[in-house]
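Asks: Below you'll find the structure I mean.
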Amino acid sequence: MTIPTECPAPSQNARQLLKELQALFPVFRDCMPLAIGIDKQLLGRLPGLDRKALRIALGIHTHSLRYLKTMERATVRVDLDGQPADEIPPTHRAHAAELIRERLSKQAEQRKTQREAEALARQRAEKLDQLVEKFSRTR
């Protein structure tokens, strides 16, 4: 009889893998623009990597706000050793800038919605307090 072992979700593995990559490679820790095909370089250096977890980890890393801000300003991608690999086309920098704008506007909208909900809750609480005060008066 075998006892099933719980395997962490790929996203859990990916977050742990990303932390390990940040510890091993300064290009991850410093959020430098990664060379196209960095996944193949990583698999070459660390052959035991789970491809799915690596793909998810790279997605988490490259969609982080810090990485996108770096991509928006950078002109050259780097390999795992931090050496220049290839130039970043203006379209990639523009795409990073667009993602940043979208994310910041979405966050601003969420904050606005939250403030409105809090204001509405305060108004309701005040009205309830007024009603309680009005009907709890002794006549």
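Residue numbers start at 1 in each chain; chains themselves are named A, B, ... in the order of the structure tokens; ligands are numbered from 1 in the order shown.
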Could you please write out, as a short mmCIF file (atom, residue, chain, number, x, y, z; two decimals) with all heavy atoms, in the first residue's frame, every residue of stretch 6-126 of chain A that DSSP assigns to strand (DSSP E or B)?
Replies:
data_model
loop_
_atom_site.label_atom_id
_atom_site.label_comp_id
_atom_site.auth_asym_id
_atom_site.auth_seq_id
_atom_site.Cartn_x
_atom_site.Cartn_y
_atom_site.Cartn_z
N LEU A 34 16.26 40.22 -19.03
CA LEU A 34 16.79 38.90 -19.36
C LEU A 34 16.84 38.67 -20.86
O LEU A 34 15.95 39.10 -21.59
CB LEU A 34 15.93 37.82 -18.70
CG LEU A 34 15.85 37.87 -17.18
CD1 LEU A 34 14.86 36.84 -16.68
CD2 LEU A 34 17.21 37.66 -16.56
N VAL A 76 19.54 47.12 -23.37
CA VAL A 76 20.21 45.85 -23.69
C VAL A 76 19.76 44.76 -22.71
O VAL A 76 19.64 45.00 -21.52
CB VAL A 76 21.75 46.02 -23.59
CG1 VAL A 76 22.46 44.70 -23.83
CG2 VAL A 76 22.24 47.07 -24.56
N ARG A 77 19.53 43.58 -23.25
CA ARG A 77 19.22 42.40 -22.44
C ARG A 77 20.54 41.76 -22.00
O ARG A 77 21.56 41.94 -22.66
CB ARG A 77 18.42 41.39 -23.23
CG ARG A 77 17.03 41.87 -23.61
CD ARG A 77 16.32 40.78 -24.43
NE ARG A 77 15.02 41.21 -24.85
CZ ARG A 77 13.91 41.11 -24.11
NH1 ARG A 77 13.98 40.57 -22.92
NH2 ARG A 77 12.75 41.51 -24.58
N VAL A 78 20.48 40.99 -20.91
CA VAL A 78 21.70 40.35 -20.42
C VAL A 78 21.48 38.85 -20.24
O VAL A 78 20.36 38.39 -20.04
CB VAL A 78 22.17 40.98 -19.08
CG1 VAL A 78 22.59 42.42 -19.27
CG2 VAL A 78 21.10 40.88 -18.03
N PRO A 84 26.08 41.54 -21.81
CA PRO A 84 25.09 41.98 -22.82
C PRO A 84 24.80 40.87 -23.82
O PRO A 84 25.71 40.21 -24.31
CB PRO A 84 25.78 43.16 -23.50
CG PRO A 84 26.83 43.61 -22.55
CD PRO A 84 27.25 42.40 -21.76
N ALA A 85 23.53 40.66 -24.08
CA ALA A 85 23.13 39.59 -25.00
C ALA A 85 22.59 40.18 -26.31
O ALA A 85 23.12 39.90 -27.38
CB ALA A 85 22.11 38.70 -24.36
N ASP A 86 21.55 40.98 -26.23
CA ASP A 86 20.99 41.59 -27.43
C ASP A 86 20.26 42.86 -27.06
O ASP A 86 19.95 43.11 -25.89
CB ASP A 86 20.08 40.60 -28.17
CG ASP A 86 19.03 39.95 -27.30
OD1 ASP A 86 19.18 39.97 -26.06
OD2 ASP A 86 18.06 39.41 -27.84
N GLU A 87 20.01 43.66 -28.06
CA GLU A 87 19.34 44.94 -27.85
C GLU A 87 17.85 44.75 -27.61
O GLU A 87 17.25 43.81 -28.12
CB GLU A 87 19.54 45.83 -29.09
CG GLU A 87 19.95 47.23 -28.75
CD GLU A 87 20.22 48.05 -29.98
OE1 GLU A 87 21.33 47.90 -30.53
OE2 GLU A 87 19.33 48.81 -30.37
#
Asks: Please identify which residues in stretch 11-114 of chain A DSSP calls alpha helix (DSSP H) from the backbone, and express them as number ranges by chain.
Replies: A: 11-24, 26-29, 38-45, 51-62, 65-73, 90-114
Asks: Could you state the separation of atom CA of A:Thr75 and atom CA of A:Ile56 in Å, given to one decimal place?
Replies: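 Going from atom CA of A:Thr75 over to atom CA of A:Ile56, I get 25.0 Å.
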Asks: Stretch 21-32 of chain A: which residues within 9 Å, counting only C-alpha atoms, same-chain residues fewer than 4 positions away excluded, as a PyMOL selection string?
Replies: chain A and resi 16-17+61-62+66-68+70-71+74+77-82
Asks: Just write the chosen residues, N, CA, C and O atoms, as an mmCIF file, in the first residue's frame.
Replies:
data_model
loop_
_atom_site.group_PDB
_atom_site.id
_atom_site.type_symbol
_atom_site.label_atom_id
_atom_site.label_comp_id
_atom_site.auth_asym_id
_atom_site.auth_seq_id
_atom_site.Cartn_x
_atom_site.Cartn_y
_atom_site.Cartn_z
ATOM 1 N N GLN A 16 9.295 29.313 -5.023
ATOM 2 C CA GLN A 16 10.513 28.853 -4.366
ATOM 3 C C GLN A 16 11.673 28.847 -5.361
ATOM 4 O O GLN A 16 12.779 29.265 -5.037
ATOM 5 N N LEU A 17 11.411 28.384 -6.562
ATOM 6 C CA LEU A 17 12.437 28.362 -7.600
ATOM 7 C C LEU A 17 12.921 29.772 -7.910
ATOM 8 O O LEU A 17 14.121 30.006 -8.059
ATOM 9 N N HIS A 61 8.471 36.527 -12.545
ATOM 10 C CA HIS A 61 9.581 37.488 -12.529
ATOM 11 C C HIS A 61 9.411 38.569 -13.593
ATOM 12 O O HIS A 61 9.525 39.759 -13.298
ATOM 13 N N THR A 62 9.119 38.162 -14.818
ATOM 14 C CA THR A 62 9.072 39.132 -15.916
ATOM 15 C C THR A 62 7.808 39.977 -15.922
ATOM 16 O O THR A 62 7.741 40.976 -16.638
ATOM 17 N N ARG A 66 8.687 45.748 -10.819
ATOM 18 C CA ARG A 66 10.103 46.128 -10.796
ATOM 19 C C ARG A 66 10.796 45.758 -12.112
ATOM 20 O O ARG A 66 11.552 46.542 -12.675
ATOM 21 N N TYR A 67 10.543 44.556 -12.600
ATOM 22 C CA TYR A 67 11.156 44.115 -13.850
ATOM 23 C C TYR A 67 10.649 44.957 -15.023
ATOM 24 O O TYR A 67 11.411 45.377 -15.883
ATOM 25 N N LEU A 68 9.342 45.218 -15.051
ATOM 26 C CA LEU A 68 8.770 46.006 -16.151
ATOM 27 C C LEU A 68 9.346 47.419 -16.174
ATOM 28 O O LEU A 68 9.625 47.962 -17.246
ATOM 29 N N THR A 70 12.295 48.263 -15.157
ATOM 30 C CA THR A 70 13.656 48.133 -15.671
ATOM 31 C C THR A 70 13.637 47.972 -17.191
ATOM 32 O O THR A 70 14.432 48.596 -17.897
ATOM 33 N N MET A 71 12.720 47.147 -17.680
ATOM 34 C CA MET A 71 12.607 46.922 -19.129
ATOM 35 C C MET A 71 12.260 48.209 -19.870
ATOM 36 O O MET A 71 12.738 48.447 -20.977
ATOM 37 N N ALA A 74 15.658 50.174 -20.014
ATOM 38 C CA ALA A 74 16.870 49.506 -20.491
ATOM 39 C C ALA A 74 16.963 49.508 -22.018
ATOM 40 O O ALA A 74 15.965 49.675 -22.723
ATOM 41 N N ARG A 77 19.529 43.578 -23.252
ATOM 42 C CA ARG A 77 19.222 42.403 -22.436
ATOM 43 C C ARG A 77 20.537 41.759 -22.001
ATOM 44 O O ARG A 77 21.559 41.938 -22.663
ATOM 45 N N VAL A 78 20.480 40.993 -20.913
ATOM 46 C CA VAL A 78 21.700 40.350 -20.421
ATOM 47 C C VAL A 78 21.481 38.851 -20.238
ATOM 48 O O VAL A 78 20.357 38.393 -20.044
ATOM 49 N N ASP A 79 22.597 38.100 -20.282
ATOM 50 C CA ASP A 79 22.520 36.654 -20.057
ATOM 51 C C ASP A 79 22.667 36.367 -18.562
ATOM 52 O O ASP A 79 22.681 37.296 -17.738
ATOM 53 N N LEU A 80 22.793 35.122 -18.196
ATOM 54 C CA LEU A 80 22.864 34.740 -16.787
ATOM 55 C C LEU A 80 24.074 35.315 -16.066
ATOM 56 O O LEU A 80 24.047 35.510 -14.854
ATOM 57 N N ASP A 81 25.144 35.585 -16.816
ATOM 58 C CA ASP A 81 26.355 36.125 -16.211
ATOM 59 C C ASP A 81 26.348 37.650 -16.163
ATOM 60 O O ASP A 81 27.318 38.257 -15.725
ATOM 61 N N GLY A 82 25.287 38.260 -16.677
ATOM 62 C CA GLY A 82 25.206 39.716 -16.687
ATOM 63 C C GLY A 82 25.866 40.352 -17.896
ATOM 64 O O GLY A 82 25.995 41.571 -17.967
#
Asks: Excluding same-chain residues fewer than 3 positions from stretch 95-97 of chain A, what lies within 6 Å of it counting only C-alpha atoms, as a CSV table (one decimal) with C-alpha atoms, in the first residue's frame?
Replies:
chain,number,residue,atom,x,y,z
A,68,LEU,CA,8.8,46.0,-16.2
A,72,GLU,CA,11.0,50.3,-19.9
A,92,HIS,CA,9.4,45.7,-26.1
A,100,ILE,CA,3.0,49.5,-16.2
Asks: Point out the residue among A:Arg122, A:Lys69, A:Lys40, A:Lys134 with the least atom-to-atom distance to A:Leu104, counting only C-alpha atoms.
Replies: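 Counting only C-alpha atoms, the residue closest to A:Leu104 is A:Lys69.
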Asks: Near A:Arg103, within 9 Å and counting only C-alpha atoms, which residues show up once chain neighbours fewer than 5 positions away are dropped, as JSON, numbers by chain?
Replies: {"A": [65, 98, 108]}
Asks: May I ask for the distance between atom CA of A:Pro90 and atom CA of A:Arg73, given in Å to one decimal place?
Replies: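 Separation of atom CA of A:Pro90 and atom CA of A:Arg73: 10.1 Å.
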Asks: Enter the distance from atom CA of A:His63 to atom CA of A:Leu99, in Å, rounded to one decimal.
Replies: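 Interatomic distance here is 8.6 Å.
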Asks: For A:Pro33, which residue out of A:Ala119, A:Ile88, A:Leu46, A:Ala53 is the nearest one, using only C-alpha atoms?
Replies: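 For A:Pro33, the nearest of the candidates is A:Ile88.
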Asks: Could you pull the residues within 10 Å of A:Asn13, counting only C-alpha atoms, minus those fewer than 6 positions along the same chain, as a PyMOL selection string?
Replies: chain A and resi 7+19+50+52-54+56-57
